[in-house]
$ cat upload-v4.cif   # mmCIF, C-alpha atoms and all ligand atoms
data_query
loop_
_atom_site.label_atom_id
_atom_site.label_comp_id
_atom_site.auth_asym_id
_atom_site.auth_seq_id
_atom_site.Cartn_x
_atom_site.Cartn_y
_atom_site.Cartn_z
CA MET A 15 -62.78 -18.38 -36.40
CA ILE A 16 -63.42 -19.42 -40.00
CA THR A 17 -64.73 -22.96 -40.52
CA THR A 18 -65.90 -24.76 -43.62
CA ARG A 19 -68.81 -27.06 -42.93
CA GLN A 20 -68.09 -29.50 -45.77
CA SER A 21 -64.44 -30.20 -45.06
CA GLY A 22 -64.15 -29.33 -41.37
CA ILE A 23 -61.06 -27.27 -42.17
CA ARG A 24 -60.34 -24.94 -39.28
CA LEU A 25 -57.42 -23.18 -37.65
CA ALA A 26 -55.72 -24.41 -34.51
CA ARG A 27 -57.62 -22.94 -31.56
CA ARG A 28 -54.48 -21.62 -29.92
CA LEU A 29 -54.48 -18.85 -32.54
CA ASP A 30 -58.04 -17.71 -31.71
CA GLU A 31 -56.91 -15.01 -29.27
CA VAL A 32 -53.76 -14.00 -31.15
CA GLY A 33 -54.07 -10.62 -32.84
CA PHE A 34 -52.24 -9.26 -35.88
CA SER A 35 -50.33 -6.00 -35.56
CA ASP A 36 -52.50 -2.85 -35.61
CA ILE A 37 -49.35 -1.00 -36.52
CA VAL A 38 -49.44 -2.55 -39.99
CA GLN A 39 -52.80 -0.86 -40.63
CA ILE A 40 -51.28 2.53 -39.81
CA ARG A 41 -48.33 1.81 -42.10
CA ASN A 42 -50.80 0.99 -44.91
CA LYS A 43 -52.66 4.28 -44.41
CA VAL A 44 -49.34 6.19 -44.48
CA MET A 45 -48.37 4.46 -47.73
CA ALA A 46 -51.75 5.30 -49.28
CA MET A 47 -51.34 9.00 -48.34
CA ARG A 48 -47.82 9.06 -49.77
CA ALA A 49 -49.07 7.43 -52.98
CA GLU A 50 -51.46 10.41 -53.30
CA GLY A 51 -48.41 12.69 -53.09
CA LEU A 52 -49.14 13.92 -49.57
CA PRO A 53 -46.25 14.52 -47.18
CA VAL A 54 -46.38 12.38 -44.02
CA TYR A 55 -44.11 12.76 -40.98
CA SER A 56 -43.21 9.22 -39.96
CA LEU A 57 -43.24 9.04 -36.19
CA HIS A 58 -45.01 5.71 -36.14
CA GLY A 59 -41.94 3.56 -36.66
CA GLY A 60 -39.33 1.97 -34.45
CA GLU A 61 -36.22 1.80 -36.64
CA PRO A 62 -32.87 3.52 -36.05
CA PHE A 63 -32.26 6.67 -38.13
CA PHE A 64 -28.93 5.40 -39.53
CA GLU A 65 -28.07 2.67 -42.05
CA THR A 66 -26.25 -0.50 -40.98
CA PRO A 67 -22.56 0.53 -40.71
CA ASP A 68 -20.41 -0.49 -43.71
CA GLU A 69 -18.02 -2.70 -41.74
CA ILE A 70 -20.98 -4.87 -40.69
CA LYS A 71 -22.21 -5.11 -44.28
CA PHE A 72 -18.71 -5.95 -45.52
CA ALA A 73 -18.43 -8.73 -42.91
CA ALA A 74 -21.60 -10.29 -44.34
CA VAL A 75 -20.32 -9.92 -47.91
CA ARG A 76 -16.98 -11.46 -46.92
CA ALA A 77 -18.77 -14.36 -45.26
CA LEU A 78 -20.86 -14.90 -48.40
CA VAL A 79 -17.81 -14.87 -50.66
CA GLU A 80 -16.11 -17.32 -48.29
CA ASN A 81 -19.12 -19.63 -48.67
CA GLN A 82 -20.50 -19.24 -45.18
CA THR A 83 -23.73 -20.34 -46.77
CA HIS A 84 -24.13 -23.78 -45.24
CA TYR A 85 -26.06 -25.08 -42.25
CA ALA A 86 -24.45 -23.92 -39.04
CA ALA A 87 -24.96 -25.05 -35.44
CA SER A 88 -28.61 -24.23 -34.83
CA SER A 89 -27.80 -22.52 -31.52
CA GLY A 90 -25.30 -20.20 -33.19
CA ILE A 91 -21.70 -20.43 -34.37
CA LEU A 92 -19.15 -20.72 -31.58
CA PRO A 93 -17.19 -17.51 -32.33
CA LEU A 94 -20.45 -15.54 -32.06
CA ARG A 95 -21.34 -17.12 -28.73
CA GLN A 96 -17.77 -16.53 -27.50
CA ALA A 97 -18.00 -12.83 -28.43
CA LEU A 98 -21.35 -12.64 -26.63
CA VAL A 99 -19.89 -14.20 -23.47
CA LYS A 100 -17.45 -11.27 -23.34
CA LYS A 101 -20.09 -8.66 -24.14
CA LEU A 102 -22.42 -9.98 -21.42
CA ALA A 103 -19.63 -9.98 -18.83
CA VAL A 104 -18.45 -6.44 -19.63
CA LYS A 105 -21.72 -4.70 -20.38
CA ASN A 106 -24.37 -6.57 -18.42
CA ASN A 107 -22.39 -8.02 -15.52
CA ILE A 108 -23.85 -11.41 -16.48
CA SER A 109 -21.35 -14.24 -16.29
CA VAL A 110 -22.23 -17.15 -18.62
CA THR A 111 -20.71 -19.94 -20.71
CA THR A 112 -21.17 -20.33 -24.46
CA ASP A 113 -23.75 -23.05 -23.71
CA GLU A 114 -25.97 -20.50 -21.98
CA ILE A 115 -26.40 -18.36 -25.11
CA ILE A 116 -28.52 -19.06 -28.16
CA ALA A 117 -28.56 -16.99 -31.36
CA THR A 118 -32.08 -16.17 -32.54
CA VAL A 119 -33.81 -14.58 -35.51
CA GLY A 120 -34.15 -11.15 -33.92
CA GLY A 121 -35.29 -10.44 -30.40
CA THR A 122 -38.73 -11.57 -31.56
CA GLN A 123 -37.73 -15.22 -31.96
CA ALA A 124 -35.93 -15.10 -28.61
CA LEU A 125 -39.16 -13.90 -27.00
CA TYR A 126 -41.33 -16.39 -28.91
CA ALA A 127 -39.11 -19.28 -27.86
CA THR A 128 -39.05 -18.01 -24.28
CA PHE A 129 -42.82 -17.72 -23.83
CA GLN A 130 -43.30 -21.11 -25.53
CA SER A 131 -40.71 -22.64 -23.18
CA VAL A 132 -42.07 -21.23 -19.96
CA LEU A 133 -45.85 -20.95 -20.19
CA ASP A 134 -48.44 -23.73 -20.13
CA PRO A 135 -52.07 -23.25 -21.20
CA GLY A 136 -53.93 -21.57 -18.35
CA ASP A 137 -50.84 -19.92 -16.83
CA ASP A 138 -50.66 -16.22 -16.06
CA CYS A 139 -47.79 -13.90 -16.94
CA LEU A 140 -47.35 -10.47 -15.33
CA VAL A 141 -46.61 -7.66 -17.80
CA PHE A 142 -45.82 -4.05 -16.90
CA SER A 143 -48.17 -1.92 -18.98
CA PRO A 144 -48.15 -0.09 -21.34
CA TYR A 145 -46.16 -2.84 -23.07
CA TRP A 146 -44.80 -3.66 -26.53
CA THR A 147 -47.91 -5.00 -28.33
CA PRO A 148 -46.55 -8.37 -29.60
CA ILE A 149 -45.93 -9.48 -26.01
CA GLY A 150 -49.67 -9.88 -25.38
CA ASP A 151 -49.97 -12.01 -28.52
CA LEU A 152 -46.90 -14.10 -27.67
CA ILE A 153 -48.45 -14.86 -24.29
CA THR A 154 -51.90 -15.69 -25.65
CA GLY A 155 -50.20 -17.72 -28.41
CA ALA A 156 -48.85 -19.91 -25.59
CA GLN A 157 -52.50 -20.16 -24.40
CA ALA A 158 -51.61 -18.22 -21.28
CA ARG A 159 -53.01 -14.92 -19.99
CA PRO A 160 -51.22 -11.57 -19.68
CA LEU A 161 -51.88 -9.84 -16.34
CA LEU A 162 -51.33 -6.13 -16.93
CA VAL A 163 -49.58 -4.26 -14.13
CA PRO A 164 -49.74 -0.47 -14.55
CA SER A 165 -46.10 0.74 -14.48
CA VAL A 166 -47.05 4.16 -13.16
CA THR A 167 -48.99 2.70 -10.24
CA ALA A 168 -46.21 0.21 -9.53
CA ARG A 169 -43.65 3.01 -9.36
CA ARG A 170 -45.87 5.14 -7.18
CA ASN A 171 -47.08 2.49 -4.74
CA GLY A 172 -44.08 0.18 -4.70
CA ILE A 173 -43.10 -2.38 -7.31
CA ARG A 174 -43.20 -5.42 -5.08
CA SER A 175 -46.54 -4.71 -3.41
CA THR A 176 -48.12 -3.86 -6.77
CA LEU A 177 -46.87 -7.11 -8.30
CA GLU A 178 -48.31 -8.98 -5.33
CA GLN A 179 -51.63 -7.22 -5.82
CA PHE A 180 -51.89 -8.22 -9.51
CA SER A 181 -50.50 -11.72 -9.16
CA THR A 182 -52.64 -14.88 -9.11
CA PRO A 183 -51.88 -18.45 -7.95
CA LYS A 184 -51.37 -19.28 -11.65
CA THR A 185 -48.65 -16.67 -12.18
CA ARG A 186 -45.63 -18.44 -13.67
CA ALA A 187 -43.60 -15.59 -15.12
CA ILE A 188 -43.10 -11.87 -15.35
CA TYR A 189 -42.13 -9.97 -18.51
CA TYR A 190 -39.67 -7.26 -17.52
CA ASN A 191 -38.74 -4.80 -20.29
CA THR A 192 -36.23 -2.05 -19.60
CA PRO A 193 -35.88 0.46 -21.25
CA GLN A 194 -39.55 0.13 -22.03
CA ASN A 195 -41.31 0.41 -25.35
CA PRO A 196 -43.52 2.54 -25.61
CA SER A 197 -43.09 4.63 -22.44
CA GLY A 198 -39.29 4.97 -22.39
CA LEU A 199 -39.35 4.01 -18.70
CA VAL A 200 -36.02 2.71 -17.38
CA PHE A 201 -36.20 0.62 -14.22
CA THR A 202 -33.54 1.40 -11.61
CA ARG A 203 -31.33 -1.16 -9.90
CA GLU A 204 -33.47 -0.81 -6.76
CA GLU A 205 -36.61 -1.54 -8.77
CA ALA A 206 -34.93 -4.57 -10.36
CA GLU A 207 -34.13 -5.76 -6.83
CA GLU A 208 -37.80 -5.52 -5.90
CA VAL A 209 -38.85 -7.50 -8.98
CA ALA A 210 -36.16 -10.07 -8.16
CA ALA A 211 -37.27 -10.40 -4.53
CA PHE A 212 -40.86 -10.93 -5.70
CA ALA A 213 -39.80 -13.52 -8.32
CA ILE A 214 -37.69 -15.45 -5.81
CA GLU A 215 -40.39 -15.40 -3.14
CA ARG A 216 -43.03 -16.61 -5.61
CA ASP A 217 -40.61 -18.94 -7.40
CA ILE A 218 -41.46 -17.53 -10.83
CA VAL A 219 -39.46 -16.95 -14.02
CA VAL A 220 -38.35 -13.49 -15.16
CA ILE A 221 -38.37 -12.82 -18.90
CA ALA A 222 -36.08 -9.81 -19.28
CA ASP A 223 -36.25 -7.92 -22.60
CA GLU A 224 -33.26 -5.62 -23.00
CA ALA A 225 -33.74 -4.65 -26.65
CA TYR A 226 -32.93 -1.00 -25.90
CA GLU A 227 -30.08 -1.58 -23.43
CA ASP A 228 -27.83 0.96 -25.18
CA LEU A 229 -30.40 3.72 -25.32
CA VAL A 230 -30.56 5.14 -21.80
CA TYR A 231 -30.30 8.93 -21.46
CA ASP A 232 -31.07 9.43 -17.77
CA GLY A 233 -29.77 6.86 -15.28
CA SER A 234 -28.18 3.64 -16.47
CA HIS A 235 -29.18 0.25 -17.79
CA PHE A 236 -29.21 -2.58 -15.26
CA SER A 237 -29.63 -6.28 -16.12
CA ILE A 238 -31.82 -8.09 -13.61
CA ALA A 239 -30.05 -11.43 -14.33
CA SER A 240 -26.90 -9.99 -12.71
CA LEU A 241 -28.55 -9.97 -9.26
CA PRO A 242 -27.79 -12.82 -6.82
CA GLY A 243 -30.15 -15.78 -7.29
CA MET A 244 -31.52 -14.44 -10.57
CA ALA A 245 -29.40 -16.01 -13.33
CA GLU A 246 -31.07 -19.37 -12.71
CA ARG A 247 -34.61 -17.98 -13.03
CA THR A 248 -34.14 -15.35 -15.75
CA ILE A 249 -34.23 -15.63 -19.51
CA THR A 250 -32.82 -12.43 -21.01
CA THR A 251 -33.46 -11.51 -24.64
CA TYR A 252 -31.46 -9.11 -26.80
CA THR A 253 -31.46 -7.84 -30.36
CA PHE A 254 -28.95 -6.36 -32.82
CA SER A 255 -31.77 -4.32 -34.40
CA LYS A 256 -31.66 -1.14 -32.36
CA THR A 257 -28.05 -0.62 -31.26
CA TYR A 258 -26.47 -1.46 -34.63
CA GLY A 259 -29.18 -0.37 -37.08
CA MET A 260 -29.78 -3.98 -38.15
CA THR A 261 -33.57 -4.36 -38.06
CA GLY A 262 -33.77 -6.25 -41.36
CA TRP A 263 -30.92 -8.65 -40.57
CA ARG A 264 -32.99 -10.33 -37.87
CA GLY A 265 -30.19 -10.96 -35.39
CA GLY A 266 -30.83 -11.53 -31.70
CA TYR A 267 -30.04 -13.90 -28.84
CA ALA A 268 -31.29 -15.26 -25.56
CA VAL A 269 -29.33 -15.96 -22.40
CA ALA A 270 -30.49 -18.62 -19.94
CA GLN A 271 -29.40 -21.54 -17.83
CA GLU A 272 -30.84 -25.05 -17.86
CA PRO A 273 -33.54 -26.27 -17.97
CA PHE A 274 -34.57 -23.30 -20.12
CA MET A 275 -31.76 -23.55 -22.65
CA SER A 276 -32.72 -27.08 -23.75
CA ALA A 277 -36.26 -25.86 -24.42
CA LEU A 278 -35.09 -22.75 -26.29
CA ARG A 279 -32.84 -24.94 -28.45
CA LYS A 280 -35.76 -27.17 -29.43
CA ILE A 281 -37.94 -24.25 -30.41
CA VAL A 282 -35.22 -22.53 -32.43
CA LEU A 283 -34.30 -25.86 -34.09
CA TYR A 284 -37.85 -26.61 -35.19
CA SER A 285 -38.82 -23.07 -36.17
CA THR A 286 -35.79 -21.78 -38.13
CA ASN A 287 -32.92 -24.19 -37.42
CA GLY A 288 -30.85 -21.19 -36.41
CA VAL A 289 -29.92 -17.79 -37.77
CA THR A 290 -28.74 -17.32 -41.39
CA THR A 291 -25.06 -18.31 -41.33
CA PHE A 292 -23.54 -15.22 -42.98
CA VAL A 293 -25.69 -12.95 -40.81
CA GLN A 294 -24.04 -14.49 -37.76
CA HIS A 295 -20.66 -13.33 -39.13
CA ALA A 296 -22.07 -9.82 -39.45
CA MET A 297 -23.27 -10.08 -35.83
CA ILE A 298 -19.69 -10.86 -34.72
CA GLU A 299 -18.51 -7.74 -36.55
CA ALA A 300 -21.25 -5.63 -34.95
CA LEU A 301 -20.03 -6.68 -31.51
CA LYS A 302 -16.66 -5.06 -32.32
CA THR A 303 -18.33 -1.61 -32.45
CA PRO A 304 -16.47 0.62 -29.98
CA GLU A 305 -18.52 1.82 -27.00
CA SER A 306 -17.54 5.39 -27.97
CA LYS A 307 -19.44 5.02 -31.25
CA ILE A 308 -22.51 3.71 -29.43
CA ALA A 309 -22.24 6.68 -27.04
CA THR A 310 -22.13 9.10 -30.00
CA LEU A 311 -25.27 7.54 -31.46
CA ARG A 312 -26.94 7.76 -28.05
CA GLU A 313 -26.23 11.52 -28.02
CA GLU A 314 -27.82 11.79 -31.47
CA TYR A 315 -30.94 10.14 -30.07
CA ARG A 316 -30.87 12.43 -27.03
CA LYS A 317 -30.92 15.50 -29.34
CA ARG A 318 -33.95 14.10 -31.12
CA ARG A 319 -35.69 13.28 -27.86
CA ASP A 320 -35.13 16.77 -26.45
CA LEU A 321 -36.30 18.46 -29.64
CA LEU A 322 -39.49 16.42 -29.86
CA VAL A 323 -40.32 16.58 -26.15
CA ALA A 324 -39.86 20.39 -26.13
CA GLY A 325 -42.15 20.67 -29.18
CA LEU A 326 -44.82 18.44 -27.62
CA ASN A 327 -44.84 20.41 -24.36
CA GLU A 328 -44.88 23.71 -26.25
CA VAL A 329 -48.20 22.78 -27.91
CA GLY A 330 -49.63 21.48 -24.64
CA LEU A 331 -49.18 17.72 -25.14
CA ASP A 332 -47.74 16.96 -21.71
CA CYS A 333 -44.67 14.80 -21.98
CA ALA A 334 -41.97 14.07 -19.42
CA PRO A 335 -38.63 13.28 -21.14
CA PRO A 336 -38.47 9.49 -21.56
CA ALA A 337 -35.37 8.08 -19.84
CA GLY A 338 -34.66 5.49 -22.53
CA ALA A 339 -35.55 3.80 -25.87
CA PHE A 340 -36.57 6.10 -28.73
CA TYR A 341 -40.24 6.90 -28.19
CA ALA A 342 -42.13 9.78 -26.58
CA PHE A 343 -45.51 8.89 -25.07
CA PRO A 344 -47.40 12.10 -24.31
CA SER A 345 -50.94 12.44 -23.12
CA VAL A 346 -53.09 13.54 -26.09
CA GLU A 347 -56.45 13.94 -24.39
CA LYS A 348 -56.31 17.52 -25.63
CA ILE A 349 -56.80 16.12 -29.16
CA ASN A 350 -59.17 13.31 -28.21
CA LYS A 351 -59.59 11.03 -25.20
CA ASN A 352 -59.69 8.04 -27.55
CA SER A 353 -56.14 7.49 -28.78
CA ARG A 354 -57.24 5.85 -32.04
CA THR A 355 -59.33 8.90 -32.87
CA ALA A 356 -56.47 11.20 -31.81
CA ALA A 357 -54.04 9.32 -34.08
CA GLN A 358 -56.47 9.52 -36.98
CA ILE A 359 -57.03 13.26 -36.50
CA LEU A 360 -53.31 13.95 -36.29
CA LEU A 361 -52.63 11.89 -39.41
CA GLU A 362 -55.41 13.41 -41.49
CA LYS A 363 -55.11 17.05 -40.34
CA ALA A 364 -51.39 17.43 -39.57
CA HIS A 365 -49.96 14.51 -41.60
CA ILE A 366 -48.21 13.17 -38.52
CA ALA A 367 -48.18 9.37 -38.23
CA THR A 368 -48.12 8.02 -34.66
CA ILE A 369 -49.32 4.90 -32.88
CA PRO A 370 -52.44 5.00 -30.66
CA GLY A 371 -51.54 4.27 -27.05
CA SER A 372 -54.40 1.81 -26.62
CA VAL A 373 -52.56 -0.78 -28.74
CA PHE A 374 -50.01 -0.98 -25.91
CA GLY A 375 -52.63 -2.01 -23.34
CA ALA A 376 -55.40 -0.21 -21.46
CA GLN A 377 -52.78 1.81 -19.57
CA GLY A 378 -51.68 3.40 -22.85
CA GLU A 379 -55.11 4.89 -23.63
CA GLY A 380 -55.11 8.68 -23.82
CA HIS A 381 -51.56 8.68 -25.21
CA LEU A 382 -49.83 8.48 -28.58
CA ARG A 383 -46.44 6.97 -29.30
CA PHE A 384 -44.13 9.25 -31.28
CA GLY A 385 -40.98 7.44 -32.47
CA TYR A 386 -38.07 9.88 -32.70
CA ALA A 387 -35.46 7.64 -34.36
CA ILE A 388 -35.78 9.75 -37.50
CA PRO A 389 -33.77 12.60 -39.09
CA ILE A 390 -33.69 15.85 -37.06
CA ALA A 391 -35.18 17.80 -39.98
CA GLU A 392 -38.23 15.52 -39.92
CA ILE A 393 -38.71 16.10 -36.18
CA GLU A 394 -38.50 19.86 -36.78
CA ALA A 395 -41.06 19.62 -39.57
CA CYS A 396 -43.32 17.55 -37.31
CA VAL A 397 -43.08 20.13 -34.51
CA ASP A 398 -43.95 22.87 -37.02
CA ALA A 399 -46.94 20.84 -38.19
CA LEU A 400 -48.03 20.46 -34.54
CA ARG A 401 -47.78 24.22 -33.99
CA LYS A 402 -49.96 24.87 -37.05
CA PHE A 403 -52.43 22.20 -35.97
CA PHE A 404 -52.89 23.75 -32.53
CA LYS A 405 -53.00 27.38 -33.74
C1 LIG A 501 -39.40 -4.03 -26.52
C2 LIG A 501 -38.95 -4.75 -27.75
N1 LIG A 501 -38.47 -5.98 -27.62
C3 LIG A 501 -38.05 -6.69 -28.66
C4 LIG A 501 -38.08 -6.16 -29.93
C5 LIG A 501 -37.64 -7.09 -31.02
O1 LIG A 501 -36.94 -6.58 -32.05
P1 LIG A 501 -36.36 -7.48 -33.22
O2 LIG A 501 -37.25 -8.62 -33.47
O3 LIG A 501 -36.21 -6.55 -34.37
O4 LIG A 501 -35.03 -7.94 -32.76
C6 LIG A 501 -38.58 -4.87 -30.13
C7 LIG A 501 -38.69 -4.27 -31.48
O5 LIG A 501 -39.31 -3.26 -31.71
C8 LIG A 501 -39.03 -4.14 -29.00
O6 LIG A 501 -39.51 -2.90 -29.11
#

$ encode --input "upload-v4.cif" --output "structure tokens"
Amino acid sequence: MITTRQSGIRLARRLDEVGFSDIVQIRNKVMAMRAEGLPVYSLHGGEPFFETPDEIKFAAVRALVENQTHYAASSGILPLRQALVKKLAVKNNISVTTDEIIATVGGTQALYATFQSVLDPGDDCLVFSPYWTPIGDLITGAQARPLLVPSVTARRNGIRSTLEQFSTPKTRAIYYNTPQNPSGLVFTREEAEEVAAFAIERDIVVIADEAYEDLVYDGSHFSIASLPGMAERTITTYTFSKTYGMTGWRGGYAVAQEPFMSALRKIVLYSTNGVTTFVQHAMIEALKTPESKIATLREEYRKRRDLLVAGLNEVGLDCAPPAGAFYAFPSVEKINKNSRTAAQILLEKAHIATIPGSVFGAQGEGHLRFGYAIPIAEIEACVDALRKFFK
């Protein structure tokens, strides 16, 4: 913490434990290499390989021309929430009213508002690990403590008994991400039932993050809030970023009943006062995307997954095909046991940019995250570079 003795200026203590993305440092190194004219294969990112579809862009342009540039309801415009009611019923088997949905600035704001609404200082929150890095910071930013539950152990020994083992009397919530970033793990309906039984027994809140709901290759996506007794204790967060190629638009939403919704509304009101009005019109258009188009995109991702996973296994980086999301998470102990060192070696010697597994929690150590939401030619070039590196 930086303090100035003369003025006493200091930062709020609740930020002391909050980190700033390691991933940004890797991005900076990649940019520096590119500036030197070196080729770099970009497997460090998490953005869809396609541009935002034109009809979504035109909907935003139309909304701008029609002066949808004023303040809107801070929880989201009604037609958007009505479209989401339908989507949630059809796709997630979650039955809600428009009052149980709030539009947010990306999935990130939905998660921020959720953790701020649920956790008090000193509370504990269970997190399956490896986990998406910002979650740890969102929890510590609420002055609570993440309790890391190794996903692999939980699957092997039983989800419910493992959660019981890692839980404390101060456990107030569990963060449940499926499909998972970075491992690609997709929880089954039976596993969701175990998490639900545990949450009901302990009377805790489930924070369900379904950012990658449309990207499941093996099995199917199941929303935990659709289980009996769960809608009232689950806050589910979604994003338009991944399914619709809309990362920069910052569109997302959260689904919850009272008392959570009143809290989410306060946090959204006082942080952004809602989502940019014309972006909400683009979100309505995105929701009109036919399921067949989403299925075609999913097949495109599957091709990329299979190509990368085959290449990784060929060079001896053991990798089971991830069931969902768009990341492969192989063991890289063959390069170096320390994943930061392994990432550095791969970047400097093979020009392949990845993310060290340790940034996703202790359970990620010994692994690297390879994002495969990139053009097929770039995956092929990366696999070639791997072959040369291991020769
Ligand atoms: C697991 C997970 N949840 C939520 C998000 C939030 O995405 P956004 O803020 O772009 O909507 C991401 C983005 O990478 C993610 O990986």

$ residues_near_ligand --input "upload-v4.cif" --ligand "ligand LIG 501 (chain A)" --cutoff "9 Å" --atoms "only C-alpha atoms and all ligand atoms" --output "PyMOL selection string"
chain A and resi 59-61+118-125+145-149+191-196+223-226+251-256+260-267+339

$ closest_atom_pairs --input "upload-v4.cif" --of "region 354-395 of chain A" --to "region 165-177 of chain A" --cutoff "12 Å" --atoms "only C-alpha atoms" --output "CSV"
residue,atom,partner,partner_atom,distance
A:Gly375,CA,A:Ser165,CA,11.3
A:Ala376,CA,A:Ser165,CA,11.7
A:Gln377,CA,A:Ser165,CA,8.5
A:Gly378,CA,A:Ser165,CA,10.4

$ residues_around --input "upload-v4.cif" --residues "region 315-327 of chain A" --least-positions-apart "5" --cutoff "7 Å" --atoms "all atoms listed in the file" --output "list in words"
Tyr231, Asp332, Cys333, Pro335, Tyr386, Ala387, Ile390, Ile393 and Val397 of chain A

$ closest_residue --input "upload-v4.cif" --among "A:Glu31, A:Thr248, A:Ser353, A:Ala86" --to "Ile108 (chain A)" --atoms "only C-alpha atoms"
A:Thr248

$ closest_residue --input "upload-v4.cif" --among "A:Leu57, A:Val200, A:Val209, A:Ala74" --to "Gly385 (chain A)" --atoms "all atoms listed in the file"
A:Leu57

$ atom_distance --input "upload-v4.cif" --atom1 "CA of Leu278 (chain A)" --atom2 "CA of Tyr190 (chain A)"
18.4 Å

$ atom_distance --input "upload-v4.cif" --atom1 "CA of Ala127 (chain A)" --atom2 "CA of Thr185 (chain A)"
18.5 Å
